[in-house]
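Read through the structure below, which is laid out as structure tokens, and then see the notes.
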Amino acid sequence: MAHHLAQINLARLAFPLDDPRMEEFVRALEPINQIAELTPGFVWRLKSDDGRSATYAAHAFDPDIIVNYTVWASRESLRHFTYQSGHSAYFRRRLEWFVPLGRPTLAMWWVPAGTVPSLEEAKGRYDYLVEHGPSERAFTLKEDFPPPA
């Protein structure tokens with residue numbers, strides 16, 4: 001059975017989204033999401049109820065946290081988007097817009113191809129990683145857990 005890589009990442013806002021200091025970040029959301037969707041290996045991304053960025057989607061995390069939740073065909077496709085596409089310039093500037101969490105900001109796990117786990121499952125995987133550390137259940141880009149056989 002083929003598998004895809006689900007990932008959720010969290011960021012604690014340094015300022016409210018409508019603060020002028022967040023303007024460049026907010027303006028870049030849709031272009032960055034378009035880059036993601038055009039990246040080979042992109043499968044799916046969470047959107048808000050009105051079709052905007054996941055930044056505006058309701059979730060069960062702290063209200064000062066925004067989430068990005070996506071599914072990718074492979075670890076390599078996610079790495080390419082994160083570090084080698086137009087996203088990387090904004091990724092390097094993240095401390096302008098976000099406050100360090102003091103815990104992992106990303107959790108990943110393998111899902112059967114063609115499925116998208118719920119946001120509740122994503123939160124559970126993230127919470128598991130924070131509580132128990134990396135494992136096949138939830139890991140980060142630093143660990144290399146292969147898809148299930």
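Quick note on naming: the chains in the structure tokens go A, B, ... in the order shown, residues restart at 1 in each chain, and ligands are numbered from 1 in order of appearance.
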Residues flagged alpha helix (DSSP H) by DSSP in range 2-124 of chain A, as an MDAnalysis selection string: chainID A and resid 23:38 75:84 87:92 119:124
Just N, CA, C and O atoms for this one: save the residues we selected as a compact mmCIF listing (two decimals), in the first residue's frame.
```txt
# COMPACT_ATOMS: atom_id res chain seq x y z
N GLU A 23 1.60 42.57 8.07
CA GLU A 23 1.06 42.81 6.73
C GLU A 23 1.79 42.01 5.64
O GLU A 23 1.17 41.38 4.79
N GLU A 24 3.12 42.01 5.65
CA GLU A 24 3.86 41.28 4.62
C GLU A 24 3.58 39.77 4.70
O GLU A 24 3.40 39.11 3.68
N PHE A 25 3.54 39.25 5.90
CA PHE A 25 3.24 37.83 6.08
C PHE A 25 1.85 37.51 5.53
O PHE A 25 1.68 36.56 4.75
N VAL A 26 0.85 38.29 5.91
CA VAL A 26 -0.53 38.04 5.48
C VAL A 26 -0.63 38.15 3.96
O VAL A 26 -1.28 37.33 3.31
N ARG A 27 0.03 39.15 3.38
CA ARG A 27 0.01 39.33 1.92
C ARG A 27 0.63 38.14 1.19
O ARG A 27 0.24 37.81 0.07
N ALA A 28 1.59 37.48 1.82
CA ALA A 28 2.29 36.36 1.18
C ALA A 28 1.55 35.03 1.30
O ALA A 28 1.92 34.06 0.62
N LEU A 29 0.53 34.95 2.13
CA LEU A 29 -0.13 33.66 2.38
C LEU A 29 -0.62 32.99 1.11
O LEU A 29 -0.30 31.82 0.86
N GLU A 30 -1.42 33.66 0.33
CA GLU A 30 -1.99 33.02 -0.86
C GLU A 30 -0.92 32.69 -1.90
O GLU A 30 -0.93 31.59 -2.46
N PRO A 31 0.04 33.60 -2.20
CA PRO A 31 1.10 33.20 -3.14
C PRO A 31 1.90 31.98 -2.66
O PRO A 31 2.23 31.10 -3.46
N ILE A 32 2.18 31.92 -1.37
CA ILE A 32 2.93 30.76 -0.84
C ILE A 32 2.08 29.50 -0.95
O ILE A 32 2.58 28.42 -1.31
N ASN A 33 0.79 29.61 -0.67
CA ASN A 33 -0.09 28.44 -0.82
C ASN A 33 -0.15 27.99 -2.28
O ASN A 33 -0.20 26.79 -2.56
N GLN A 34 -0.11 28.93 -3.22
CA GLN A 34 -0.10 28.56 -4.63
C GLN A 34 1.20 27.84 -4.99
O GLN A 34 1.18 26.87 -5.75
N ILE A 35 2.32 28.31 -4.43
CA ILE A 35 3.59 27.62 -4.66
C ILE A 35 3.49 26.19 -4.15
O ILE A 35 3.90 25.24 -4.82
N ALA A 36 2.92 26.02 -2.95
CA ALA A 36 2.77 24.67 -2.40
C ALA A 36 1.96 23.79 -3.35
O ALA A 36 2.36 22.67 -3.69
N GLU A 37 0.82 24.30 -3.79
CA GLU A 37 -0.07 23.51 -4.63
C GLU A 37 0.56 23.15 -5.98
O GLU A 37 0.19 22.15 -6.58
N LEU A 38 1.52 23.95 -6.44
CA LEU A 38 2.19 23.68 -7.71
C LEU A 38 3.46 22.86 -7.55
O LEU A 38 4.06 22.43 -8.53
N ARG A 75 8.42 12.71 1.74
CA ARG A 75 9.22 13.58 2.60
C ARG A 75 10.04 14.55 1.74
O ARG A 75 10.20 15.71 2.07
N GLU A 76 10.56 14.07 0.62
CA GLU A 76 11.38 14.89 -0.27
C GLU A 76 10.58 16.04 -0.86
O GLU A 76 11.10 17.15 -1.00
N SER A 77 9.32 15.80 -1.22
CA SER A 77 8.51 16.88 -1.78
C SER A 77 8.24 17.96 -0.73
O SER A 77 8.28 19.16 -1.03
N LEU A 78 7.99 17.56 0.50
CA LEU A 78 7.80 18.53 1.58
C LEU A 78 9.09 19.31 1.82
O LEU A 78 9.07 20.54 1.96
N ARG A 79 10.22 18.63 1.87
CA ARG A 79 11.50 19.31 2.07
C ARG A 79 11.78 20.31 0.94
O ARG A 79 12.26 21.41 1.18
N HIS A 80 11.49 19.89 -0.29
CA HIS A 80 11.71 20.78 -1.42
C HIS A 80 10.89 22.06 -1.26
O HIS A 80 11.41 23.17 -1.42
N PHE A 81 9.61 21.92 -0.97
CA PHE A 81 8.76 23.10 -0.78
C PHE A 81 9.29 23.97 0.35
O PHE A 81 9.42 25.19 0.21
N THR A 82 9.63 23.36 1.47
CA THR A 82 10.04 24.12 2.66
C THR A 82 11.33 24.88 2.43
O THR A 82 11.42 26.06 2.79
N TYR A 83 12.32 24.24 1.86
CA TYR A 83 13.67 24.81 1.83
C TYR A 83 14.16 25.26 0.46
O TYR A 83 15.18 25.96 0.39
N GLN A 84 13.48 24.89 -0.63
CA GLN A 84 14.03 25.19 -1.95
C GLN A 84 13.07 25.94 -2.87
O GLN A 84 13.41 26.21 -4.02
N HIS A 87 8.88 29.59 -0.80
CA HIS A 87 8.53 29.56 0.62
C HIS A 87 9.74 29.79 1.51
O HIS A 87 9.63 30.35 2.59
N SER A 88 10.91 29.35 1.07
CA SER A 88 12.09 29.36 1.94
C SER A 88 12.48 30.76 2.40
O SER A 88 12.94 30.93 3.53
N ALA A 89 12.30 31.77 1.56
CA ALA A 89 12.66 33.14 1.96
C ALA A 89 11.80 33.59 3.15
O ALA A 89 12.29 34.26 4.06
N TYR A 90 10.55 33.22 3.14
CA TYR A 90 9.66 33.58 4.26
C TYR A 90 9.94 32.71 5.47
O TYR A 90 9.89 33.17 6.61
N PHE A 91 10.25 31.45 5.23
CA PHE A 91 10.57 30.54 6.32
C PHE A 91 11.77 31.06 7.12
O PHE A 91 11.77 31.03 8.35
N ARG A 92 12.77 31.56 6.43
CA ARG A 92 13.96 32.10 7.11
C ARG A 92 13.64 33.34 7.94
O ARG A 92 14.35 33.64 8.89
N LEU A 119 -8.44 17.06 11.37
CA LEU A 119 -7.66 18.01 12.15
C LEU A 119 -7.54 17.54 13.59
O LEU A 119 -6.52 17.77 14.24
N GLU A 120 -8.53 16.83 14.08
CA GLU A 120 -8.47 16.27 15.43
C GLU A 120 -7.35 15.22 15.52
O GLU A 120 -6.62 15.17 16.51
N GLU A 121 -7.22 14.40 14.49
CA GLU A 121 -6.13 13.43 14.48
C GLU A 121 -4.78 14.15 14.42
O GLU A 121 -3.84 13.77 15.11
N ALA A 122 -4.70 15.19 13.61
CA ALA A 122 -3.45 15.95 13.52
C ALA A 122 -3.07 16.52 14.87
O ALA A 122 -1.91 16.46 15.28
N LYS A 123 -4.03 17.05 15.61
CA LYS A 123 -3.75 17.58 16.94
C LYS A 123 -3.28 16.46 17.86
O LYS A 123 -2.33 16.62 18.63
N GLY A 124 -3.92 15.30 17.77
CA GLY A 124 -3.51 14.16 18.59
C GLY A 124 -2.10 13.71 18.28
O GLY A 124 -1.32 13.39 19.19
```
Quick check for you: according to DSSP on this backbone, which residues of chain A are classed as strand (DSSP E or B)? Reply as a JSON list (two decimals) with C-alpha atoms, in the first residue's frame.
```json
[["chain", "number", "residue", "atom", "x", "y", "z"],
["A", 3, "HIS", "CA", 1.56, 6.12, 1.76],
["A", 4, "HIS", "CA", 1.61, 9.90, 1.85],
["A", 5, "LEU", "CA", 3.13, 12.18, 4.46],
["A", 6, "ALA", "CA", 0.77, 14.28, 6.58],
["A", 7, "GLN", "CA", 2.23, 17.24, 8.43],
["A", 8, "ILE", "CA", 0.93, 19.89, 10.75],
["A", 9, "ASN", "CA", 2.98, 22.84, 11.83],
["A", 10, "LEU", "CA", 2.16, 25.48, 14.39],
["A", 11, "ALA", "CA", 3.30, 29.04, 14.88],
["A", 12, "ARG", "CA", 2.55, 31.42, 17.75],
["A", 13, "LEU", "CA", 1.78, 34.87, 16.41],
["A", 42, "PHE", "CA", 1.73, 18.26, -3.11],
["A", 43, "VAL", "CA", -1.49, 16.36, -2.31],
["A", 44, "TRP", "CA", -3.76, 18.48, -0.09],
["A", 45, "ARG", "CA", -3.89, 21.44, 2.30],
["A", 47, "LYS", "CA", -8.28, 25.68, 4.10],
["A", 53, "SER", "CA", -5.45, 29.84, 4.04],
["A", 65, "ILE", "CA", -1.43, 29.83, 17.30],
["A", 66, "ILE", "CA", -1.97, 29.41, 13.60],
["A", 67, "VAL", "CA", -1.74, 26.04, 11.88],
["A", 68, "ASN", "CA", -0.66, 24.78, 8.50],
["A", 69, "TYR", "CA", -1.81, 21.26, 7.71],
["A", 70, "THR", "CA", -0.84, 19.52, 4.47],
["A", 71, "VAL", "CA", -0.37, 16.11, 2.88],
["A", 72, "TRP", "CA", 2.56, 15.34, 0.55],
["A", 98, "PHE", "CA", 6.25, 34.36, 15.29],
["A", 99, "VAL", "CA", 7.35, 33.71, 18.85],
["A", 106, "LEU", "CA", 5.97, 20.35, 13.32],
["A", 107, "ALA", "CA", 4.58, 16.83, 13.50],
["A", 108, "MET", "CA", 4.51, 14.38, 10.60],
["A", 109, "TRP", "CA", 3.13, 10.89, 10.12],
["A", 110, "TRP", "CA", 2.37, 8.49, 7.28],
["A", 111, "VAL", "CA", -1.19, 8.00, 6.01],
["A", 112, "PRO", "CA", -2.53, 5.61, 3.38],
["A", 135, "SER", "CA", 8.33, 7.79, 17.00],
["A", 138, "ALA", "CA", 4.64, 11.28, 15.01],
["A", 139, "PHE", "CA", 8.03, 12.68, 14.06]]
```
Nearest-residue call for Leu101 in chain A, choices A:Pro20, A:Arg52, A:Asp64, A:Ser118, using only C-alpha atoms: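 Ranked by minimum distance to Leu101 in chain A, first place goes to A:Asp64.
Among A:Arg94, A:Gly102, A:Ala73, A:Asp127, the residue with the shortest atom-to-atom distance to Gly41 in chain A, counting only C-alpha atoms, is A:Ala73.
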Interatomic distance, CA of Pro104 in chain A to CA of Tyr126 in chain A (Å, one decimal): 8.5 Å
